[in-house]
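Have a look at upload_0.cif below; it lists mmCIF, C-alpha atoms and all ligand atoms.
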data_protein
#
loop_
_atom_site.label_atom_id
_atom_site.label_comp_id
_atom_site.auth_asym_id
_atom_site.auth_seq_id
_atom_site.Cartn_x
_atom_site.Cartn_y
_atom_site.Cartn_z
CA MET A 1 85.12 114.32 127.76
CA ALA A 2 85.70 112.87 124.30
CA GLN A 3 86.88 115.44 121.78
CA ILE A 4 84.40 116.00 118.94
CA ILE A 5 86.71 117.56 116.35
CA ASP A 6 90.04 116.17 115.08
CA SER A 7 93.40 117.14 116.56
CA SER A 8 97.01 116.75 115.41
CA ASN A 9 97.51 113.34 117.02
CA ARG A 10 94.08 111.73 116.89
CA TYR A 11 90.81 111.76 115.02
CA GLY A 12 87.87 113.21 116.99
CA LEU A 13 84.62 111.48 117.94
CA VAL A 14 82.73 112.42 114.76
CA SER A 15 85.52 111.23 112.40
CA ARG A 16 86.02 108.02 114.39
CA SER A 17 82.28 107.24 114.51
CA LEU A 18 81.99 107.82 110.75
CA HIS A 19 85.10 105.72 110.03
CA TRP A 20 84.16 102.68 112.13
CA GLY A 21 80.39 102.90 111.48
CA MET A 22 80.97 103.07 107.74
CA ALA A 23 83.61 100.30 107.93
CA ILE A 24 80.90 97.97 109.33
CA LEU A 25 78.38 99.11 106.69
CA PHE A 26 80.94 98.62 103.89
CA GLY A 27 81.57 95.12 105.26
CA ALA A 28 77.84 94.38 104.90
CA GLN A 29 77.81 95.92 101.40
CA PHE A 30 80.75 93.79 100.21
CA LEU A 31 79.05 90.73 101.74
CA SER A 32 75.90 91.37 99.69
CA ALA A 33 78.01 91.89 96.54
CA ALA A 34 80.03 88.71 97.21
CA ALA A 35 76.83 86.67 97.67
CA HIS A 36 75.41 88.20 94.47
CA TRP A 37 78.55 87.21 92.59
CA ALA A 38 79.15 83.75 94.12
CA LEU A 39 75.75 82.20 94.85
CA PRO A 40 73.26 80.84 92.29
CA ARG A 41 70.11 82.85 91.41
CA GLU A 42 67.09 82.21 93.68
CA ASN A 43 69.32 81.15 96.54
CA ALA A 44 67.63 82.35 99.78
CA VAL A 45 70.85 83.70 101.36
CA ARG A 46 71.74 85.57 98.14
CA GLU A 47 68.24 87.12 98.00
CA ALA A 48 68.32 88.13 101.67
CA LEU A 49 71.75 89.76 101.40
CA TRP A 50 70.90 91.42 98.07
CA SER A 51 67.63 92.87 99.41
CA TYR A 52 69.49 95.70 101.20
CA HIS A 53 72.21 96.44 98.60
CA THR A 54 70.54 99.51 97.03
CA THR A 55 69.27 101.04 100.30
CA LEU A 56 72.63 100.54 102.03
CA GLY A 57 74.46 101.85 98.95
CA VAL A 58 72.39 105.08 98.98
CA THR A 59 72.99 105.42 102.75
CA LEU A 60 76.76 105.00 102.27
CA PHE A 61 76.71 107.58 99.48
CA ALA A 62 75.03 110.16 101.77
CA LEU A 63 77.43 109.30 104.63
CA VAL A 64 80.56 109.64 102.49
CA LEU A 65 79.49 113.11 101.31
CA PHE A 66 79.05 114.21 104.93
CA ARG A 67 82.34 112.53 105.93
CA GLY A 68 84.21 114.22 103.08
CA ALA A 69 82.85 117.64 104.09
CA TRP A 70 83.73 116.97 107.75
CA GLY A 71 87.23 115.82 106.73
CA LEU A 72 87.81 118.99 104.67
CA ALA A 73 86.59 121.20 107.52
CA ASN A 74 89.03 119.40 109.87
CA LEU A 75 91.94 119.25 107.40
CA PRO A 76 94.13 121.91 109.08
CA ARG A 77 94.08 120.11 112.46
CA ARG A 78 94.01 116.42 111.40
CA PRO A 79 96.93 114.01 112.12
CA LYS A 80 99.69 114.91 109.63
CA HIS A 81 101.33 112.46 107.21
CA ALA A 82 105.01 113.31 106.82
CA GLY A 83 107.59 112.00 104.32
CA LEU A 84 107.25 109.73 101.31
CA SER A 85 105.23 107.04 103.13
CA GLY A 86 102.95 109.82 104.39
CA GLN A 87 102.35 110.98 100.82
CA ALA A 88 101.53 107.39 99.87
CA ALA A 89 99.01 107.25 102.75
CA VAL A 90 97.36 110.49 101.59
CA ALA A 91 97.17 109.13 98.01
CA GLY A 92 95.67 105.88 99.33
CA HIS A 93 93.03 107.73 101.36
CA ALA A 94 92.22 109.95 98.36
CA ALA A 95 91.71 106.83 96.20
CA LEU A 96 89.43 105.33 98.88
CA TYR A 97 87.35 108.53 98.94
CA ALA A 98 87.19 108.74 95.14
CA LEU A 99 85.86 105.17 94.85
CA MET A 100 83.52 105.55 97.85
CA VAL A 101 81.86 108.40 95.89
CA ILE A 102 82.11 107.10 92.30
CA VAL A 103 80.96 103.48 92.93
CA PRO A 104 77.46 104.39 94.25
CA ALA A 105 77.27 107.56 92.10
CA VAL A 106 77.39 105.68 88.77
CA ARG A 107 74.54 103.40 89.88
CA LEU A 108 72.50 106.36 91.10
CA LEU A 109 73.06 108.08 87.75
CA SER A 110 71.80 105.00 85.94
CA ALA A 111 68.74 104.85 88.23
CA ALA A 112 68.05 108.54 87.49
CA GLY A 113 68.06 107.80 83.76
CA GLY A 114 66.34 104.40 84.01
CA THR A 115 62.76 103.18 83.55
CA ARG A 116 62.37 101.79 87.08
CA GLY A 117 63.12 104.91 89.14
CA LEU A 118 64.52 104.74 92.66
CA SER A 119 62.92 104.88 96.10
CA TYR A 120 64.68 105.12 99.45
CA PHE A 121 62.67 103.82 102.44
CA GLY A 122 59.46 104.42 100.45
CA VAL A 123 60.39 107.97 99.39
CA GLU A 124 60.74 108.43 95.65
CA ILE A 125 64.19 109.82 94.78
CA PHE A 126 64.00 109.39 90.99
CA ALA A 127 60.75 108.96 89.04
CA PRO A 128 60.85 106.31 86.28
CA GLN A 129 61.78 107.67 82.83
CA GLU A 130 59.59 106.73 79.88
CA THR A 131 62.61 105.63 77.90
CA GLU A 132 66.07 104.80 79.16
CA ILE A 133 68.70 107.56 78.77
CA ALA A 134 71.68 105.70 77.30
CA TRP A 135 74.57 107.96 78.41
CA MET A 136 73.34 107.77 82.01
CA GLN A 137 73.53 103.95 81.91
CA ALA A 138 77.02 103.62 80.43
CA PRO A 139 79.20 104.39 83.52
CA ALA A 140 77.21 101.88 85.61
CA GLU A 141 78.66 99.04 83.53
CA TRP A 142 81.81 99.56 85.60
CA HIS A 143 79.98 99.65 88.96
CA GLY A 144 80.80 96.06 89.95
CA GLU A 145 84.43 96.17 88.77
CA MET A 146 85.07 99.47 90.57
CA GLY A 147 83.33 98.07 93.66
CA TRP A 148 85.78 95.15 93.71
CA ILE A 149 88.75 97.50 93.25
CA LEU A 150 87.46 99.42 96.29
CA ALA A 151 87.28 96.14 98.24
CA LEU A 152 90.93 95.36 97.32
CA LEU A 153 92.04 98.87 98.34
CA VAL A 154 90.26 98.41 101.68
CA LEU A 155 92.13 95.12 102.24
CA GLY A 156 95.44 96.91 101.52
CA HIS A 157 94.39 99.74 103.85
CA ILE A 158 93.62 97.32 106.70
CA PHE A 159 96.93 95.52 106.12
CA MET A 160 98.86 98.83 106.31
CA ALA A 161 97.04 99.98 109.47
CA VAL A 162 97.12 96.72 111.44
CA ILE A 163 100.16 94.75 110.20
CA TRP A 164 102.55 97.53 109.07
CA HIS A 165 101.79 100.35 111.51
CA HIS A 166 100.49 98.53 114.58
CA MET A 167 102.46 95.26 114.57
CA ILE A 168 105.69 96.04 112.68
CA LYS A 169 106.37 99.77 113.15
CA LYS A 170 104.47 99.84 116.47
CA ASP A 171 103.54 103.51 115.94
CA ASP A 172 100.39 105.46 116.92
CA VAL A 173 98.59 105.45 113.56
CA LEU A 174 95.99 102.83 114.56
CA ALA A 175 95.58 104.48 117.98
CA SER A 176 94.83 107.81 116.26
CA MET A 177 91.71 106.20 114.78
CA THR A 178 90.70 104.05 117.78
CA GLY A 179 90.97 107.12 120.06
CA ARG A 180 93.14 105.29 122.59
CA GLN A 181 95.73 108.07 122.76
CA ASN A 182 95.22 110.18 125.87
CA THR A 183 97.23 113.23 124.84
CA ILE A 184 95.39 115.88 122.85
C1 LIG B 201 79.35 102.22 98.16
C2 LIG B 201 78.32 101.57 97.77
C3 LIG B 201 78.34 100.35 96.88
C4 LIG B 201 79.27 99.34 96.74
C5 LIG B 201 80.61 99.18 97.47
C6 LIG B 201 78.74 98.41 95.76
C7 LIG B 201 79.40 97.27 95.31
C8 LIG B 201 78.95 96.42 94.33
C9 LIG B 201 79.70 95.32 93.77
C10 LIG B 201 81.11 94.91 94.19
C11 LIG B 201 78.91 94.72 92.83
C12 LIG B 201 79.26 93.51 91.96
C13 LIG B 201 78.53 92.26 92.41
C14 LIG B 201 78.78 91.09 91.46
O1 LIG B 201 79.93 90.95 90.98
O2 LIG B 201 77.83 90.32 91.23
C15 LIG B 201 77.67 95.46 92.76
C16 LIG B 201 76.61 95.17 91.92
C17 LIG B 201 75.45 95.92 91.84
N1 LIG B 201 75.13 97.02 92.58
FE1 LIG B 201 76.31 97.94 93.97
N2 LIG B 201 77.51 98.86 95.33
C18 LIG B 201 77.25 100.03 95.98
C19 LIG B 201 76.12 100.84 95.82
C20 LIG B 201 75.05 100.56 94.99
C21 LIG B 201 73.90 101.42 94.78
C22 LIG B 201 73.68 102.80 95.43
C23 LIG B 201 73.07 100.78 93.89
C24 LIG B 201 71.75 101.21 93.31
C25 LIG B 201 71.33 102.45 93.24
C26 LIG B 201 73.71 99.52 93.53
C27 LIG B 201 73.19 98.56 92.66
C28 LIG B 201 73.87 97.46 92.19
C29 LIG B 201 73.35 96.57 91.15
C30 LIG B 201 71.98 96.68 90.46
C31 LIG B 201 74.34 95.60 90.93
C32 LIG B 201 74.30 94.40 89.94
C33 LIG B 201 74.72 94.83 88.56
C34 LIG B 201 76.15 95.33 88.47
O3 LIG B 201 77.11 94.58 88.77
O4 LIG B 201 76.33 96.52 88.14
N3 LIG B 201 74.92 99.42 94.21
N4 LIG B 201 77.71 96.49 93.69
C1 LIG B 202 89.32 96.86 110.11
C2 LIG B 202 89.13 97.84 109.23
C3 LIG B 202 89.89 99.15 109.23
C4 LIG B 202 90.99 99.56 109.95
C5 LIG B 202 91.78 98.79 111.01
C6 LIG B 202 91.27 100.93 109.54
C7 LIG B 202 92.26 101.74 110.06
C8 LIG B 202 92.46 103.08 109.78
C9 LIG B 202 93.43 103.95 110.42
C10 LIG B 202 94.41 103.53 111.50
C11 LIG B 202 93.33 105.18 109.86
C12 LIG B 202 94.18 106.43 110.18
C13 LIG B 202 95.28 106.43 109.14
C14 LIG B 202 96.11 107.68 109.08
O1 LIG B 202 95.70 108.76 109.54
O2 LIG B 202 97.21 107.59 108.49
C15 LIG B 202 92.29 105.10 108.85
C16 LIG B 202 91.89 106.16 108.05
C17 LIG B 202 91.02 106.04 106.98
N1 LIG B 202 90.29 104.91 106.64
FE1 LIG B 202 90.34 103.13 107.61
N2 LIG B 202 90.38 101.29 108.57
C18 LIG B 202 89.51 100.24 108.34
C19 LIG B 202 88.47 100.21 107.45
C20 LIG B 202 88.21 101.19 106.49
C21 LIG B 202 87.23 101.09 105.44
C22 LIG B 202 86.28 99.88 105.23
C23 LIG B 202 87.31 102.24 104.71
C24 LIG B 202 86.52 102.68 103.50
C25 LIG B 202 85.80 101.92 102.74
C26 LIG B 202 88.33 103.08 105.32
C27 LIG B 202 88.70 104.33 104.86
C28 LIG B 202 89.58 105.19 105.51
C29 LIG B 202 89.85 106.57 105.10
C30 LIG B 202 89.25 107.28 103.88
C31 LIG B 202 90.74 107.11 106.04
C32 LIG B 202 91.32 108.54 106.07
C33 LIG B 202 90.75 109.29 107.24
C34 LIG B 202 89.29 109.67 107.04
O3 LIG B 202 89.02 110.64 106.30
O4 LIG B 202 88.40 109.01 107.61
N3 LIG B 202 88.85 102.41 106.40
N4 LIG B 202 91.78 103.81 108.83
#

Could you quickly redo this structure as structure tokens?
Ligand code: HEM
Ligand code: HEM
Amino acid sequence: MAQIIDSSNRYGLVSRSLHWGMAILFGAQFLSAAAHWALPRENAVREALWSYHTTLGVTLFALVLFRGAWGLANLPRRPKHAGLSGQAAVAGHAALYALMVIVPAVRLLSAAGGTRGLSYFGVEIFAPQETEIAWMQAPAEWHGEMGWILALLVLGHIFMAVIWHHMIKKDDVLASMTGRQNTI
């Protein structure tokens, strides 16, 4: 039976499902952002891809909070990262987490202090304010830039996992996240 919690040489079912499920959702989120950036206004593809950006962004925000809590609860038994390159991996993962939280959080803050409010699948999360609250808008000016930095970090992360670990070093790092290791 698949192991639910993490162990010292592989991530468990919950961590793996969150990692790969969210990787697909982040792919869709970056696609919507890329279309928003690259395509002209009123382009049908741009509109279609942009239509889910807020809803998916809120979903990703909720998922990353759960994933962070699950990761902390599993910290003592997770695969360990030894040596200098291990410390670099931990720093890289911490940066990914920080941006996965901050990027949607700044937009949510601006929605909370904005005049349009925010609904999620028809449920009102933030009621519209009568007047915009300026300090709640300011951090959102960096939302797009920080989103693109996250996208670049993800590209580096994929390069390290697939090219460096799997193809060059031929170690078990990728297998620890695909669950293909049989030993527990
Ligand atoms: C992890 C989740 C998210 C990621 C990775 C992300 C990423 C991005 C990126 C890269 C852009 C820049 C697009 C461009 O250059 O044209 C952008 C723009 C935008 N996003 Fe997000 N986003 C996320 C969540 C959200 C959420 C939750 C909201 C709303 C509550 C939101 C609302 C917007 C809006 C209104 C813009 C256009 C204005 C701007 O660039 O700030 N996003 N997003
Ligand atoms: C094809 C895409 C991807 C591949 C091949 C991949 C591969 C991996 C591997 C092998 C690990 C385990 C690394 C270790 O323990 O040293 C890992 C962990 C991690 N990955 Fe990815 N990854 C991908 C996409 C993503 C994306 C899109 C994100 C976030 C936006 C992400 C965020 C993380 C984080 C935060 C960890 C640390 C473990 C955790 O708490 O989940 N990954 N990834």

Pairwise distance for atom CA of Met167 of chain A and atom CA of Gly68 of chain A, rounded to one decimal in Å: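 For atom CA of Met167 of chain A relative to atom CA of Gly68 of chain A, the distance reads 28.7 Å.
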
Residue contacts of Met177 of chain A (9 Å, only C-alpha atoms) excluding same-chain residues fewer than 6 positions away, as a list in words: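 Counting only C-alpha atoms, the residues come to Arg10, Tyr11, Gly12, Ser15, Arg16, His19 and Trp20 of chain A.
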
Separation of atom CA of Asn74 of chain A from atom CA of Ile5 of chain A, in Å and rounded to one decimal: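 Going from atom CA of Asn74 of chain A over to atom CA of Ile5 of chain A, I get 7.1 Å.
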
Residues near Ala98 of chain A, cut-off 12 Å, all atoms listed in the file, skip fewer than 3 positions along chain, as a list in words: Phe61, Val64, Leu65, Gly68, Ala91, Gly92, His93, Ala94, Ala95, Val101, Ile102, Val103, Pro104, Ala105, Met146, Gly147, Ile149, Leu150 and Leu153 of chain A

Contacts of segment 111-113 of chain A within 9 Å, all atoms listed in the file, excl. fewer than 6 positions in-chain, as number ranges by chain: A: 125-129, 131-137

Nearby residues, ligand LIG 201 (chain B), 7 Å, all atoms listed in the file, as a ChimeraX atom specification: /A:26,29-30,33-34,36-37,53-55,57-58,60-61,100,103-105,107-108,111,140-145,147-148,150

Determine, using all atoms listed in the file, which residues of chain A have any atom at most 9 Å from an atom of ligand LIG 202 (chain B), and tabulate each with its shortest atom pair and distance in Å to one decimal place, rows ordered by chain and then rising number, as CSV.
residue,atom,partner,partner_atom,distance
A:Asn9,CA,B:LIG202,O1,9.0
A:Arg10,CA,B:LIG202,O1,8.1
A:Tyr11,CA,B:LIG202,O1,7.9
A:Ser15,CA,B:LIG202,O4,6.0
A:Arg16,CA,B:LIG202,O4,7.3
A:Leu18,CA,B:LIG202,O4,7.2
A:His19,CA,B:LIG202,O4,5.3
A:Trp20,CA,B:LIG202,C19,6.8
A:Met22,CA,B:LIG202,C22,6.7
A:Ala23,CA,B:LIG202,C22,3.8
A:Ile24,CA,B:LIG202,C22,7.0
A:Leu25,CA,B:LIG202,C22,8.1
A:Phe26,CA,B:LIG202,C22,5.6
A:Gly27,CA,B:LIG202,C22,6.7
A:Arg67,CA,B:LIG202,O3,7.0
A:Gly68,CA,B:LIG202,O3,6.8
A:Trp70,CA,B:LIG202,O3,8.4
A:Gly71,CA,B:LIG202,O3,5.5
A:Leu72,CA,B:LIG202,O3,8.6
A:Arg78,CA,B:LIG202,O1,8.1
A:Pro79,CA,B:LIG202,O1,6.0
A:Lys80,CA,B:LIG202,O1,7.3
A:His81,CA,B:LIG202,O2,6.5
A:Gly86,CA,B:LIG202,O2,7.4
A:Ala89,CA,B:LIG202,O2,6.0
A:Val90,CA,B:LIG202,O2,7.5
A:Gly92,CA,B:LIG202,C30,8.0
A:His93,CA,B:LIG202,C30,4.6
A:Ala94,CA,B:LIG202,C30,6.8
A:Ala95,CA,B:LIG202,C30,8.1
A:Leu96,CA,B:LIG202,C30,5.4
A:Tyr97,CA,B:LIG202,C30,5.4
A:Leu99,CA,B:LIG202,C25,8.5
A:Met100,CA,B:LIG202,C25,6.5
A:Leu150,CA,B:LIG202,C25,7.1
A:Ala151,CA,B:LIG202,C25,7.5
A:Leu153,CA,B:LIG202,C25,8.2
A:Val154,CA,B:LIG202,C21,5.5
A:Leu155,CA,B:LIG202,C2,8.1
A:His157,CA,B:LIG202,N2,6.4
A:Ile158,CA,B:LIG202,C4,4.7
A:Phe159,CA,B:LIG202,C5,7.8
A:Met160,CA,B:LIG202,C7,8.1
A:Ala161,CA,B:LIG202,C10,4.9
A:Val162,CA,B:LIG202,C5,5.7
A:His165,CA,B:LIG202,C10,8.0
A:His166,CA,B:LIG202,C10,8.5
A:Asp172,CA,B:LIG202,C10,8.3
A:Val173,CA,B:LIG202,C10,5.0
A:Leu174,CA,B:LIG202,C10,3.5
A:Ala175,CA,B:LIG202,C10,6.7
A:Ser176,CA,B:LIG202,C12,6.3
A:Met177,CA,B:LIG202,C10,5.0
A:Thr178,CA,B:LIG202,C10,7.3

Length of the atom CA of Pro139 of chain A to atom CA of Glu124 of chain A vector [Å]: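 Computed distance, atom CA of Pro139 of chain A to atom CA of Glu124 of chain A, equals 22.5 Å.
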
For Val45 of chain A: contacts at 12 Å, only C-alpha atoms, fewer than 3 positions along chain excluded, given as a PyMOL selection string: chain A and resi 31-36+38-42+48-51

Could the residues in this selection be saved with C-alpha atoms as a short mmCIF file (atom, residue, chain, number, x, y, z; two decimals), in the frame of the given file?
data_model
loop_
_atom_site.label_atom_id
_atom_site.label_comp_id
_atom_site.auth_asym_id
_atom_site.auth_seq_id
_atom_site.Cartn_x
_atom_site.Cartn_y
_atom_site.Cartn_z
CA LEU A 31 79.05 90.73 101.74
CA SER A 32 75.90 91.37 99.69
CA ALA A 33 78.01 91.89 96.54
CA ALA A 34 80.03 88.71 97.21
CA ALA A 35 76.83 86.67 97.67
CA HIS A 36 75.41 88.20 94.47
CA ALA A 38 79.15 83.75 94.12
CA LEU A 39 75.75 82.20 94.85
CA PRO A 40 73.26 80.84 92.29
CA ARG A 41 70.11 82.85 91.41
CA GLU A 42 67.09 82.21 93.68
CA ALA A 48 68.32 88.13 101.67
CA LEU A 49 71.75 89.76 101.40
CA TRP A 50 70.90 91.42 98.07
CA SER A 51 67.63 92.87 99.41
#

Closest of A:Leu118, A:Gly156, A:Trp164, A:Leu109 to Ala138 of chain A - atom-to-atom distances counting all atoms listed in the file: A:Leu109

Top pick for closest residue to Ser8 of chain A, considering A:Val123, A:Leu84, A:Leu75, A:Leu152 and counting all atoms listed in the file: A:Leu75

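In this comparison, which uses only C-alpha atoms, the residue of A:Val14, A:Ser119, A:Arg180, A:Ala2 approaching Phe66 of chain A most closely is A:Val14.
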